[in-house]
Structure formats: structure tokens, C-alpha cells
$ cat target09.cif   # mmCIF, C-alpha atoms
data_work
loop_
_atom_site.label_atom_id
_atom_site.label_comp_id
_atom_site.auth_asym_id
_atom_site.auth_seq_id
_atom_site.Cartn_x
_atom_site.Cartn_y
_atom_site.Cartn_z
CA MET H 42 48.82 77.79 -71.76
CA GLU H 43 49.46 81.23 -73.23
CA MET H 44 52.73 81.74 -71.50
CA ASP H 45 55.61 83.33 -73.38
CA ASN H 46 57.32 84.71 -70.31
CA ILE H 47 58.89 82.11 -68.09
CA LEU H 48 61.34 82.79 -65.25
CA GLY H 49 61.50 86.37 -66.43
CA GLN H 50 62.57 85.47 -69.99
CA ARG H 51 60.65 85.62 -73.25
CA VAL H 52 60.54 82.11 -74.70
CA SER H 53 58.20 80.95 -77.43
CA PHE H 54 58.07 77.19 -77.23
CA ASN H 55 57.63 75.21 -80.42
CA ASP H 56 56.12 72.46 -78.31
CA VAL H 57 54.23 74.11 -75.45
CA SER H 58 53.38 70.70 -73.98
CA LEU H 59 57.00 70.47 -72.84
CA LEU H 60 56.62 73.62 -70.77
CA ARG H 61 53.31 72.39 -69.40
CA GLN H 62 54.96 69.12 -68.38
CA ALA H 63 57.82 71.02 -66.71
CA LEU H 64 55.29 72.83 -64.51
CA THR H 65 53.35 69.71 -63.58
CA HIS H 66 54.16 68.18 -60.21
CA ARG H 67 53.94 64.41 -59.83
CA SER H 68 50.95 64.89 -57.50
CA ALA H 69 48.90 66.25 -60.42
CA ASN H 70 49.55 63.86 -63.27
CA LYS H 71 51.32 60.74 -64.38
CA ILE H 72 52.94 62.89 -67.07
CA ASN H 73 54.91 65.19 -64.81
CA ASN H 74 58.20 67.01 -64.48
CA GLU H 75 60.37 64.34 -62.82
CA ARG H 76 62.28 63.22 -65.93
CA LEU H 77 62.66 66.81 -67.17
CA GLU H 78 64.06 67.72 -63.76
CA PHE H 79 66.73 65.00 -64.18
CA LEU H 80 67.71 66.49 -67.53
CA GLY H 81 67.50 70.10 -66.36
CA ASP H 82 69.60 69.48 -63.27
CA SER H 83 72.44 68.18 -65.42
CA VAL H 84 72.35 70.93 -68.05
CA LEU H 85 72.22 73.54 -65.28
CA GLY H 86 75.27 72.02 -63.60
CA PHE H 87 77.18 72.01 -66.86
CA VAL H 88 76.23 75.54 -67.94
CA ILE H 89 77.25 76.96 -64.56
CA ALA H 90 80.52 75.00 -64.53
CA LYS H 91 81.33 76.28 -68.04
CA TRP H 92 80.51 79.87 -67.04
CA LEU H 93 82.59 79.71 -63.84
CA TYR H 94 85.51 78.10 -65.67
CA SER H 95 85.73 80.89 -68.24
CA THR H 96 84.78 83.76 -65.89
CA TYR H 97 87.37 82.86 -63.24
CA PRO H 98 90.47 81.61 -65.08
CA GLN H 99 92.60 81.93 -61.94
CA LEU H 100 90.45 80.04 -59.47
CA SER H 101 91.17 76.55 -58.21
CA GLU H 102 88.93 73.59 -58.88
CA GLY H 103 87.95 73.59 -55.19
CA LYS H 104 86.68 77.16 -55.28
CA LEU H 105 84.86 76.61 -58.57
CA THR H 106 83.17 73.53 -57.11
CA ARG H 107 82.07 75.46 -54.03
CA MET H 108 80.74 78.36 -56.08
CA ARG H 109 78.83 76.02 -58.33
CA SER H 110 77.25 74.22 -55.36
CA GLY H 111 76.03 77.55 -54.01
CA LEU H 112 74.47 78.51 -57.35
CA VAL H 113 72.72 75.24 -58.19
CA LYS H 114 71.53 74.21 -54.72
CA GLY H 115 67.83 73.85 -53.99
CA ASP H 116 67.61 76.97 -51.84
CA THR H 117 69.00 79.16 -54.63
CA LEU H 118 66.68 77.63 -57.23
CA ALA H 119 63.69 78.11 -54.92
CA GLU H 120 64.72 81.74 -54.49
CA ILE H 121 64.84 82.10 -58.28
CA ALA H 122 61.38 80.53 -58.55
CA ARG H 123 59.90 82.85 -55.91
CA TYR H 124 61.56 85.92 -57.43
CA ASN H 125 59.85 85.05 -60.74
CA LYS H 126 56.57 83.92 -59.13
CA LEU H 127 56.86 80.49 -60.71
CA GLY H 128 54.53 79.05 -58.04
CA ASP H 129 51.56 80.76 -59.73
CA HIS H 130 52.06 78.60 -62.82
CA LEU H 131 52.53 75.22 -61.13
CA ASN H 132 50.12 72.40 -61.72
CA LEU H 133 49.77 70.56 -58.39
CA GLY H 134 47.55 67.80 -57.05
CA VAL H 135 44.86 68.73 -54.52
CA GLY H 136 46.83 67.47 -51.54
CA GLU H 137 49.96 69.39 -52.49
CA LEU H 138 47.91 72.53 -53.12
CA LYS H 139 46.31 72.38 -49.67
CA SER H 140 49.62 71.81 -47.92
CA GLY H 141 51.19 74.81 -49.63
CA GLY H 142 53.23 72.92 -52.22
CA PHE H 143 53.30 75.95 -54.53
CA ASN H 144 55.62 77.60 -52.04
CA ARG H 145 57.66 74.57 -50.94
CA ALA H 146 61.35 74.99 -51.75
CA SER H 147 61.85 71.48 -53.14
CA VAL H 148 58.77 71.68 -55.40
CA LEU H 149 59.87 75.08 -56.72
CA ALA H 150 63.50 74.07 -57.25
CA ASP H 151 62.45 70.92 -59.13
CA ALA H 152 60.18 72.97 -61.38
CA VAL H 153 62.98 75.43 -62.21
CA GLU H 154 65.24 72.54 -63.24
CA ALA H 155 62.42 70.97 -65.25
CA VAL H 156 61.90 74.26 -67.14
CA PHE H 157 65.61 74.21 -68.05
CA GLY H 158 65.16 70.64 -69.31
CA ALA H 159 62.14 71.69 -71.39
CA VAL H 160 63.99 74.63 -72.96
CA LEU H 161 66.90 72.31 -73.82
CA LEU H 162 64.60 69.84 -75.59
CA ASP H 163 62.65 72.55 -77.40
CA LYS H 164 65.49 74.91 -78.35
CA GLY H 165 68.77 73.04 -78.11
CA PHE H 166 71.92 73.58 -76.08
CA ASP H 167 72.96 77.08 -77.19
CA GLU H 168 69.54 78.50 -76.39
CA VAL H 169 69.22 76.84 -73.01
CA GLU H 170 72.69 78.08 -72.10
CA ARG H 171 71.65 81.64 -72.96
CA PHE H 172 68.37 81.13 -71.07
CA ILE H 173 70.00 79.74 -67.90
CA LEU H 174 72.63 82.50 -67.77
CA ALA H 175 69.90 85.14 -68.20
CA VAL H 176 67.68 83.62 -65.49
CA LEU H 177 70.57 83.26 -63.05
CA ASP H 178 72.18 86.59 -63.92
CA PRO H 179 71.32 88.38 -60.63
CA TRP H 180 72.81 85.43 -58.72
CA LEU H 181 75.87 85.17 -60.97
CA GLN H 182 76.52 88.87 -60.39
CA LYS H 183 76.78 88.43 -56.66
CA VAL H 184 78.63 85.11 -56.55
CA ASP H 185 81.67 85.48 -54.33
CA PRO H 186 84.93 83.63 -55.11
CA ASN H 187 85.89 83.98 -51.47
CA MET H 188 82.62 82.73 -50.15
CA SER H 189 82.99 80.42 -47.25
CA ASP H 190 81.61 76.92 -47.27
CA LYS H 191 81.04 77.27 -43.53
CA ASP H 192 77.56 77.97 -42.26
CA ALA H 193 76.56 81.09 -40.35
CA LYS H 194 76.59 79.48 -36.87
CA THR H 195 80.12 78.19 -37.44
CA ARG H 196 81.35 81.54 -38.74
CA LEU H 197 79.78 83.41 -35.83
CA GLN H 198 81.27 80.95 -33.35
CA GLU H 199 84.74 81.29 -34.91
CA TYR H 200 84.52 85.08 -35.03
CA LEU H 201 83.64 85.32 -31.34
CA GLN H 202 86.31 82.79 -30.39
CA LYS H 203 88.95 84.83 -32.20
CA LYS H 204 87.87 87.92 -30.27
CA GLY H 205 88.07 85.97 -27.00
CA MET H 206 84.32 86.27 -26.43
CA LYS H 207 81.83 83.73 -25.16
CA ALA H 208 79.82 81.53 -27.55
CA PRO H 209 76.45 82.90 -28.70
CA LYS H 210 73.22 81.69 -27.08
CA TYR H 211 70.35 80.30 -29.13
CA ILE H 212 66.90 80.43 -27.57
CA LEU H 213 63.66 78.99 -28.90
CA LEU H 214 61.17 81.83 -28.39
CA THR H 215 57.97 80.38 -29.85
CA THR H 216 56.57 77.69 -32.08
CA HIS H 217 53.58 78.47 -34.29
CA GLY H 218 51.12 76.13 -35.99
CA LYS H 219 51.46 72.40 -36.00
CA ASP H 220 52.64 69.44 -38.06
CA HIS H 221 53.98 70.40 -41.48
CA LEU H 222 52.92 74.04 -40.99
CA MET H 223 54.93 74.45 -37.78
CA ALA H 224 57.33 77.38 -37.60
CA PHE H 225 60.05 78.16 -35.06
CA THR H 226 61.21 81.56 -33.85
CA MET H 227 64.82 81.35 -32.72
CA GLU H 228 66.79 84.10 -31.07
CA CYS H 229 70.56 84.42 -31.28
CA ILE H 230 72.20 86.43 -28.51
CA VAL H 231 75.77 87.73 -28.28
CA GLU H 232 75.81 89.26 -24.82
CA GLU H 233 79.21 90.90 -24.91
CA LEU H 234 78.30 92.84 -28.06
CA ASN H 235 74.73 93.45 -26.93
CA VAL H 236 73.43 92.09 -30.25
CA THR H 237 70.21 90.03 -30.42
CA LYS H 238 68.45 88.86 -33.60
CA LYS H 239 65.39 86.73 -34.30
CA ALA H 240 64.48 84.54 -37.26
CA VAL H 241 61.46 82.40 -38.13
CA HIS H 242 61.62 79.21 -40.19
CA ARG H 243 59.78 75.93 -40.59
CA SER H 244 63.04 74.20 -39.73
CA ARG H 245 64.43 74.93 -36.30
CA LYS H 246 68.01 74.51 -37.55
CA LYS H 247 67.48 76.96 -40.40
CA ALA H 248 65.91 79.48 -38.03
CA GLU H 249 69.09 79.25 -35.93
CA GLN H 250 71.30 79.70 -39.01
CA GLN H 251 69.30 82.71 -40.19
CA ALA H 252 69.43 84.33 -36.75
CA ALA H 253 73.20 83.74 -36.66
CA GLN H 254 73.52 85.31 -40.13
CA LEU H 255 71.53 88.38 -39.01
CA VAL H 256 73.86 88.74 -36.01
CA LEU H 257 76.88 88.47 -38.33
CA ASN H 258 75.41 91.16 -40.60
CA LYS H 259 74.88 93.42 -37.58
CA ILE H 260 78.39 92.80 -36.21
CA GLU H 261 79.94 93.73 -39.56
CA LYS H 262 78.34 97.17 -39.23
CA LEU H 263 79.37 97.80 -35.61
CA MET O 195 103.10 65.70 -78.26
CA GLU O 196 102.31 63.92 -81.51
CA MET O 197 99.12 62.38 -80.28
CA ASP O 198 96.10 62.32 -82.55
CA ASN O 199 94.54 59.26 -80.99
CA ILE O 200 93.17 59.79 -77.52
CA LEU O 201 90.90 57.40 -75.61
CA GLY O 202 90.57 55.40 -78.80
CA GLN O 203 89.30 58.34 -80.89
CA ARG O 204 91.00 60.37 -83.59
CA VAL O 205 91.10 64.00 -82.46
CA SER O 206 93.28 66.67 -83.96
CA PHE O 207 93.51 69.43 -81.40
CA ASN O 208 93.80 73.01 -82.60
CA ASP O 209 95.50 73.81 -79.33
CA VAL O 210 97.55 70.77 -78.31
CA SER O 211 98.58 72.44 -75.06
CA LEU O 212 95.04 71.81 -73.79
CA LEU O 213 95.48 68.07 -74.26
CA ARG O 214 98.91 68.21 -72.64
CA GLN O 215 97.41 70.02 -69.66
CA ALA O 216 94.61 67.43 -69.42
CA LEU O 217 97.23 64.69 -69.07
CA THR O 218 99.30 66.54 -66.48
CA HIS O 219 98.78 65.53 -62.87
CA ARG O 220 99.12 68.18 -60.17
CA SER O 221 102.23 66.38 -58.90
CA ALA O 222 104.04 67.26 -62.16
CA ASN O 223 103.26 70.90 -62.75
CA LYS O 224 101.50 73.99 -61.47
CA ILE O 225 99.68 74.02 -64.81
CA ASN O 226 97.79 70.77 -64.42
CA ASN O 227 94.46 69.09 -65.11
CA GLU O 228 92.48 70.01 -61.98
CA ARG O 229 90.40 72.81 -63.50
CA LEU O 230 89.85 70.84 -66.73
CA GLU O 231 88.65 67.93 -64.62
CA PHE O 232 86.03 70.21 -63.01
CA LEU O 233 84.79 71.20 -66.48
CA GLY O 234 84.98 67.69 -67.91
CA ASP O 235 83.12 66.13 -65.00
CA SER O 236 80.18 68.44 -65.62
CA VAL O 237 80.02 68.01 -69.40
CA LEU O 238 80.27 64.24 -68.97
CA GLY O 239 77.37 64.26 -66.49
CA PHE O 240 75.25 66.30 -68.86
CA VAL O 241 76.03 64.31 -72.02
CA ILE O 242 75.22 61.03 -70.27
CA ALA O 243 72.01 62.44 -68.76
CA LYS O 244 70.93 63.68 -72.22
CA TRP O 245 71.73 60.31 -73.80
CA LEU O 246 69.89 58.33 -71.12
CA TYR O 247 66.89 60.68 -71.29
CA SER O 248 66.42 60.16 -75.02
CA THR O 249 67.45 56.50 -75.14
CA TYR O 250 65.08 55.42 -72.36
CA PRO O 251 61.89 57.47 -72.75
CA GLN O 252 59.96 55.18 -70.41
CA LEU O 253 62.33 55.09 -67.46
CA SER O 254 61.79 56.95 -64.21
CA GLU O 255 64.03 59.70 -62.97
CA GLY O 256 65.25 57.36 -60.22
CA LYS O 257 66.43 54.70 -62.66
CA LEU O 258 68.04 57.29 -64.94
CA THR O 259 69.90 58.75 -61.98
CA ARG O 260 71.16 55.33 -60.93
CA MET O 261 72.28 54.43 -64.44
CA ARG O 262 74.10 57.73 -64.79
CA SER O 263 75.89 57.24 -61.47
CA GLY O 264 77.12 53.85 -62.68
CA LEU O 265 78.43 55.29 -65.94
CA VAL O 266 80.20 58.37 -64.61
CA LYS O 267 81.64 56.98 -61.38
CA GLY O 268 85.38 56.88 -60.84
CA ASP O 269 85.66 53.10 -61.21
CA THR O 270 84.05 53.18 -64.66
CA LEU O 271 86.23 56.08 -65.82
CA ALA O 272 89.35 54.31 -64.55
CA GLU O 273 88.27 51.20 -66.48
CA ILE O 274 87.90 53.36 -69.61
CA ALA O 275 91.35 54.83 -69.03
CA ARG O 276 92.95 51.39 -68.60
CA TYR O 277 91.12 49.97 -71.62
CA ASN O 278 92.63 52.80 -73.70
CA LYS O 279 96.04 52.70 -71.98
CA LEU O 280 95.73 56.35 -70.96
CA GLY O 281 98.26 55.80 -68.15
CA ASP O 282 101.07 55.63 -70.74
CA HIS O 283 100.42 59.25 -71.68
CA LEU O 284 100.15 60.76 -68.21
CA ASN O 285 102.60 63.34 -67.00
CA LEU O 286 103.21 62.63 -63.31
CA GLY O 287 105.58 63.91 -60.66
CA VAL O 288 108.40 61.64 -59.52
CA GLY O 289 106.67 60.67 -56.28
CA GLU O 290 103.44 59.73 -58.03
CA LEU O 291 105.36 57.79 -60.65
CA LYS O 292 107.18 55.73 -58.04
CA SER O 293 104.02 54.96 -56.09
CA GLY O 294 102.25 53.72 -59.22
CA GLY O 295 100.09 56.79 -59.85
CA PHE O 296 99.80 55.94 -63.57
CA ASN O 297 97.59 53.03 -62.56
CA ARG O 298 95.72 54.60 -59.64
CA ALA O 299 91.97 54.71 -60.28
CA SER O 300 91.46 58.28 -59.07
CA VAL O 301 94.39 59.64 -61.12
CA LEU O 302 93.12 57.86 -64.24
CA ALA O 303 89.49 58.90 -63.76
CA ASP O 304 90.48 62.54 -63.25
CA ALA O 305 92.55 62.46 -66.44
CA VAL O 306 89.64 61.05 -68.46
CA GLU O 307 87.39 63.86 -67.24
CA ALA O 308 90.10 66.43 -67.97
CA VAL O 309 90.42 65.13 -71.55
CA PHE O 310 86.66 65.66 -71.97
CA GLY O 311 87.12 69.22 -70.67
CA ALA O 312 89.97 69.83 -73.13
CA VAL O 313 87.95 68.53 -76.10
CA LEU O 314 85.05 70.79 -75.07
CA LEU O 315 87.27 73.87 -74.99
CA ASP O 316 89.03 73.00 -78.24
CA LYS O 317 86.08 71.73 -80.29
CA GLY O 318 82.86 72.94 -78.69
CA PHE O 319 79.86 71.14 -77.28
CA ASP O 320 78.65 69.14 -80.31
CA GLU O 321 82.09 67.62 -80.85
CA VAL O 322 82.67 66.74 -77.20
CA GLU O 323 79.23 65.12 -77.08
CA ARG O 324 80.14 62.96 -80.07
CA PHE O 325 83.54 62.21 -78.52
CA ILE O 326 82.15 61.22 -75.10
CA LEU O 327 79.48 58.96 -76.58
CA ALA O 328 82.10 57.27 -78.79
CA VAL O 329 84.53 56.75 -75.91
CA LEU O 330 81.83 55.40 -73.61
CA ASP O 331 80.08 53.37 -76.30
CA PRO O 332 81.11 49.91 -74.99
CA TRP O 333 79.83 50.91 -71.52
CA LEU O 334 76.63 52.48 -72.88
CA GLN O 335 75.92 49.25 -74.77
CA LYS O 336 75.94 47.20 -71.61
CA VAL O 337 74.18 49.63 -69.28
CA ASP O 338 71.29 47.84 -67.59
CA PRO O 339 68.03 49.68 -66.84
CA ASN O 340 67.27 47.07 -64.21
CA MET O 341 70.63 47.28 -62.60
CA SER O 342 70.44 47.29 -58.88
CA ASP O 343 71.86 50.04 -56.78
CA LYS O 344 72.60 47.39 -54.20
CA ASP O 345 76.12 46.08 -53.93
CA ALA O 346 77.10 42.48 -54.60
CA LYS O 347 77.33 41.44 -50.94
CA THR O 348 73.83 42.73 -50.27
CA ARG O 349 72.40 41.03 -53.34
CA LEU O 350 74.07 37.73 -52.47
CA GLN O 351 72.83 37.99 -48.88
CA GLU O 352 69.27 38.70 -50.04
CA TYR O 353 69.34 35.91 -52.61
CA LEU O 354 70.42 33.32 -50.05
CA GLN O 355 67.92 34.59 -47.49
CA LYS O 356 65.09 34.20 -50.02
CA LYS O 357 66.17 30.61 -50.65
CA GLY O 358 66.24 29.98 -46.90
CA MET O 359 70.00 29.42 -46.93
CA LYS O 360 72.65 30.54 -44.49
CA ALA O 361 74.59 33.79 -45.01
CA PRO O 362 77.85 33.52 -47.00
CA LYS O 363 81.19 33.42 -45.21
CA TYR O 364 83.99 35.84 -46.04
CA ILE O 365 87.51 34.76 -45.17
CA LEU O 366 90.70 36.74 -45.45
CA LEU O 367 93.12 34.32 -47.09
CA THR O 368 96.28 36.39 -47.45
CA THR O 369 97.66 39.89 -47.49
CA HIS O 370 100.48 40.78 -49.86
CA GLY O 371 102.91 43.69 -49.79
CA LYS O 372 102.70 46.54 -47.33
CA ASP O 373 101.49 50.11 -46.91
CA HIS O 374 99.91 51.56 -50.03
CA LEU O 375 100.88 48.52 -52.11
CA MET O 376 99.07 46.08 -49.82
CA ALA O 377 96.58 43.71 -51.41
CA PHE O 378 93.99 41.45 -49.82
CA THR O 379 92.78 38.07 -51.03
CA MET O 380 89.25 37.45 -49.81
CA GLU O 381 87.28 34.28 -50.22
CA CYS O 382 83.49 34.14 -50.33
CA ILE O 383 81.96 30.77 -49.44
CA VAL O 384 78.37 29.60 -49.84
CA GLU O 385 78.47 26.19 -48.23
CA GLU O 386 75.01 24.97 -49.13
CA LEU O 387 75.68 25.55 -52.83
CA ASN O 388 79.26 24.40 -52.63
CA VAL O 389 80.43 27.60 -54.34
CA THR O 390 83.69 29.32 -53.36
CA LYS O 391 85.31 32.28 -55.12
CA LYS O 392 88.40 34.39 -54.46
CA ALA O 393 89.23 37.99 -55.33
CA VAL O 394 92.26 40.22 -54.81
CA HIS O 395 92.10 43.97 -54.29
CA ARG O 396 94.02 46.73 -52.58
CA SER O 397 90.86 47.46 -50.60
CA ARG O 398 89.65 44.66 -48.38
CA LYS O 399 86.04 45.76 -48.80
CA LYS O 400 86.32 45.75 -52.58
CA ALA O 401 87.92 42.31 -52.53
CA GLU O 402 84.87 41.09 -50.58
CA GLN O 403 82.48 42.72 -53.04
CA GLN O 404 84.29 41.24 -56.02
CA ALA O 405 84.31 37.77 -54.47
CA ALA O 406 80.57 38.11 -53.77
CA GLN O 407 79.99 39.17 -57.40
CA LEU O 408 81.93 36.14 -58.68
CA VAL O 409 79.78 33.89 -56.50
CA LEU O 410 76.63 35.57 -57.89
CA ASN O 411 77.87 35.02 -61.45
CA LYS O 412 78.48 31.35 -60.67
CA ILE O 413 75.10 30.87 -59.00
CA GLU O 414 73.32 32.33 -62.03
CA LYS O 415 74.80 29.54 -64.12
CA LEU O 416 73.98 26.69 -61.72
#

$ encode --input "target09.cif" --output "C-alpha cells"
Amino acid sequence: MEMDNILGQRVSFNDVSLLRQALTHRSANKINNERLEFLGDSVLGFVIAKWLYSTYPQLSEGKLTRMRSGLVKGDTLAEIARYNKLGDHLNLGVGELKSGGFNRASVLADAVEAVFGAVLLDKGFDEVERFILAVLDPWLQKVDPNMSDKDAKTRLQEYLQKKGMKAPKYILLTTHGKDHLMAFTMECIVEELNVTKKAVHRSRKKAEQQAAQLVLNKIEKL
Amino acid sequence: MEMDNILGQRVSFNDVSLLRQALTHRSANKINNERLEFLGDSVLGFVIAKWLYSTYPQLSEGKLTRMRSGLVKGDTLAEIARYNKLGDHLNLGVGELKSGGFNRASVLADAVEAVFGAVLLDKGFDEVERFILAVLDPWLQKVDPNMSDKDAKTRLQEYLQKKGMKAPKYILLTTHGKDHLMAFTMECIVEELNVTKKAVHRSRKKAEQQAAQLVLNKIEKL
């Protein structure tokens, strides 16, 4: 592997086999990224906690905990992987490849954590801290101390209730594909505001949440 | 505070107010250990993950995760606090003092984590790593790679089933005290082996688990 740019950062590994292992899914090899993911998950959690603690000296433990959860959760890590096209570098077994594993959120998130573990082992704590903060920088910039831990459907529901309006309607418009490639198109309708938004996702629940979020975004601009 | 021995280790703080804050429960002061606990929890998780990763190069991610959970859980941290008489140094509000907060597992565990956070801030990562590994050493020595994630009642049940014996009986012998000072004495009986053990705990479920564990210990020696 001739890779010196990983997750958008220049890193020259002393032991490139560590990086290779971090990018190897268990479907491809007995020597894979599962143990590195364990290590990377924990160093990520610590680095983000340390950063939040010093960046927000006034915030309560509860808010810090919530902000950290948002930053280290699988969806965020998968976003980071996609943003940096990490999927192109993954080493997957044939089955995983065929079923689109290079774009599966859990596979991507695990690989991001494993890369953090590999950088820790190769470069030590100070370097991996610098690396993690650089990789997550765009997400750290937009982290919101007042972010709600409530999901979009709940927030939309509460907003409409407060305004004395009826609950939104969620309608399943179409399903595409089948089995693990199935996708749902959900529509969220707020009749009294004449706002309707659609979202597509492999999970029906997530499609609902995304449609609700799109409606919330629209309402904020009304 | 003239304390240079904390959790059994010699530490001379540059900023003693950090240690004082780590030992201050939220019932005692607005400046308390909640934020330090957030920080300490995360550095503890990382240090233990790093230690397990390098100490057990052959173990799976699943086993490492289970071992870490056992080492960093509240019950273990409370045990560490009691072993080092940390309760004597806690700064609690009057209400907490009266209701025995200095010996409550959650209060003790939080204080241990907060002390780790304070050492990190005062001394940096390398020192807190050394400190945590020294404090936890007796527990690290006895960590068991083959430890089960099943609880004692489940293990006893499965053991007896495999031997073709009847399930154990659990009997509530007595309750002492009232309200938050109530304690339950549970008895676990395995008739076919003629083994009976008692345990007392403020939680009825935990008393059952402890009685089951005592029976397991006895059976191993039969």
C-alpha cells in the first residue's frame, strides 16, 4: 500500500501493516480490524471528551456527554468515512463486496475507529490526538452545545403541539429493491402548514426521521 | 488539604484545588466533581482498553470488551474506593452525609473517576496512565480472559441443568431496616447437592446473585 493520505491527513506509517490491518474487514482475512477497532473506539472517546472538557468549561457533564455521543456515534463516523472516500481503500471479502459492504455505515465506522487505533500504535498518543482532532475538525466546528437529544419526529411533533396544530402524517410512498437492498420512500405531511417532504432510506424508521428533519428545516424558513 | 496519598498512590498535585474538586459531591458545592467524572471516565476506559490490547494480543474484540466492562463498571470502582478508604476524604452535603452517601457505590465510583480526571489535568496523560494502572493493579492481576458475561444465577442454573439437577431455590429470609436503608437476606438452596448459602444486600436481586455466586464457589470445591 502506497498510501500516505488517510482520512484527509498526511500520515507516514512506520509500520504500514498496521494501516493495512485497520482497513481489512473480518470478511477478508483472519488478521482484520476488529481488535484495532476496540482500541480506536476508546481513544476516540477519550480524545473527544478531553477536547469538549477544555473547549466548553461552562457546560454540564450531561451536555458534554450528549455532545460526545453525537460526535462518536456510528452515523457520524460513517459520514466521515464517506467524506474522505475511505470505502475505496477497504479490503473486504467477496460476499461483503457484492452486498455493498464498502458503503455500509457499520463497516465504514468500524474502519475509521480501526485507523485511529493503528495511528495510536504507530505514532503514540499525542500524534493520534492531533490526527483525530484534524479528521473530526469539520464536525467539531459545527457541534452544538444546545443540541437536542430528541429525534426529528419527536421535535416536529412537539413543535406542532405547541402551535396547537395536528400531528404530522407519515406515508409510505414506495419500496424499491428487495432483501438487504430494499429502500423505503417515506413522506411527511404537515397539512396546516402545507409542507410535504420525502426521504429515502434502507431503514423505514430512518426515512421517517429524515423526512421529519426536512420538514423541520422547511418550517424554520417559513 | 494535606493529602499526598490518594487511592493508595503518592501524588503531589501542582494544583490541589483539582483534587479537592474531584472529592466534592454535587450535594456539597456548585463546584463539584461532575465534569471531572466525565473526563475521568473516558481516560479510564481508554487506559484499560490500551492495557488489555497489549496484554492480551490473542484475544478477540468481544472478550476484550467484556473484560473492560468488568474492570470499569461502577461496582469495581466502588470496591477500589472502599479498599482505599476514599469515603473518608469525600466532601458531601448534609443530606448525603446523613443518608450514608460516603459509602454509596455510585458516589464512590464517581469520585474515583473524578480523581483520574484531576490527575490527568494536573499531570498529563503519561502520568495518569501510570496512576490508573497502579491503582487498578490488584484488579488487573485477577482479570480473567475466560470470564463469563453471564451472571451467577444464570451460570448456576446452567450448571445444574447440565448435571440433570433441579433448579436452585431462592428464599427471602429477612428484610432489615426500611426505605433506603433496607437490606434483604436471600438464601440460595441446591437440594440435590445439599448446599445452602446466604447473602445480604440492599438490592434483593444482588442478594440473590451473591448467594448464587457463593453456591457456585462451594460447588467448585465439592

$ residues_around --input "target09.cif" --residues "O:Asp198" --least-positions-apart "4" --cutoff "12 Å" --atoms "only C-alpha atoms" --output "list in words"
Gly202, Gln203, Arg204, Val205, Ser206, Phe207, Asn208, Asp209, Val210, Leu213 and Arg214 of chain O

$ resolve_selection --input "target09.cif" --expression "the PyMOL selection byres ((chain O and resi 303-313) around 9)" --output "ChimeraX atom specification"
/O:200-201,205,207,212-213,215-219,227-238,267-275,280-281,284,298-302,314-319,321-322,325-326

$ atom_distance --input "target09.cif" --atom1 "atom CA of H:Lys238" --atom2 "atom CA of H:Thr226"
10.3 Å

$ resolve_selection --input "target09.cif" --expression "the PyMOL selection byres ((chain O and resi 401-413) around 6)" --output "PyMOL selection string"
chain O and resi 346-347+380+382+391-395+398-400+414-416

$ closest_residue --input "target09.cif" --among "O:Asn199, O:Glu323, O:Leu354, O:Lys292" --to "chain H" --atoms "all atoms listed in the file"
O:Glu323

$ atom_distance --input "target09.cif" --atom1 "atom CA of H:Gly103" --atom2 "atom CA of O:Arg220"
13.4 Å

$ atom_distance --input "target09.cif" --atom1 "atom CA of H:Asp192" --atom2 "atom CA of H:Ala224"
20.8 Å

$ resolve_selection --input "target09.cif" --expression "the PyMOL selection byres ((chain O and resi 246) around 10)" --output "compact mmCIF listing (two decimals) with C-alpha atoms, keeping the file's coordinate frame"
# COMPACT_ATOMS: atom_id res chain seq x y z
CA LEU H 80 67.71 66.49 -67.53
CA PHE O 240 75.25 66.30 -68.86
CA VAL O 241 76.03 64.31 -72.02
CA ILE O 242 75.22 61.03 -70.27
CA ALA O 243 72.01 62.44 -68.76
CA LYS O 244 70.93 63.68 -72.22
CA TRP O 245 71.73 60.31 -73.80
CA TYR O 247 66.89 60.68 -71.29
CA SER O 248 66.42 60.16 -75.02
CA THR O 249 67.45 56.50 -75.14
CA TYR O 250 65.08 55.42 -72.36
CA PRO O 251 61.89 57.47 -72.75
CA LEU O 253 62.33 55.09 -67.46
CA LYS O 257 66.43 54.70 -62.66
CA LEU O 258 68.04 57.29 -64.94
CA THR O 259 69.90 58.75 -61.98
CA MET O 261 72.28 54.43 -64.44
CA ARG O 262 74.10 57.73 -64.79
CA LEU O 334 76.63 52.48 -72.88
CA VAL O 337 74.18 49.63 -69.28
CA PRO O 339 68.03 49.68 -66.84

$ closest_residue --input "target09.cif" --among "O:Asp320, O:Ser293, O:Met376, O:Arg276" --to "chain H" --atoms "all atoms listed in the file"
O:Asp320

$ closest_residue --input "target09.cif" --among "H:Asn70, H:Gly86, H:Tyr211, H:Asp129" --to "H:Leu174" --atoms "all atoms listed in the file"
H:Gly86

$ axis_aligned_box --input "target09.cif" --around "stretch 212-219 of chain H" --padding-each-side "3 Å" --output "JSON"
{"center_x": 59.0, "center_y": 77.1, "center_z": -31.8, "size_x": 21.8, "size_y": 15.4, "size_z": 14.4}

$ closest_residue --input "target09.cif" --among "H:Thr215, H:Asn132, H:Asn73, H:Thr195" --to "chain O" --atoms "only C-alpha atoms"
H:Asn73

$ closest_residue --input "target09.cif" --among "O:Leu291, O:Leu387, O:Ser211, O:Lys224" --to "chain H" --atoms "all atoms listed in the file"
O:Lys224

$ residues_near_point --input "target09.cif" --point "(52.1, 67.2, -55.4)" --cutoff "8 Å" --atoms "all atoms listed in the file" --output "ChimeraX atom specification"
/H:66-69,133-138,142
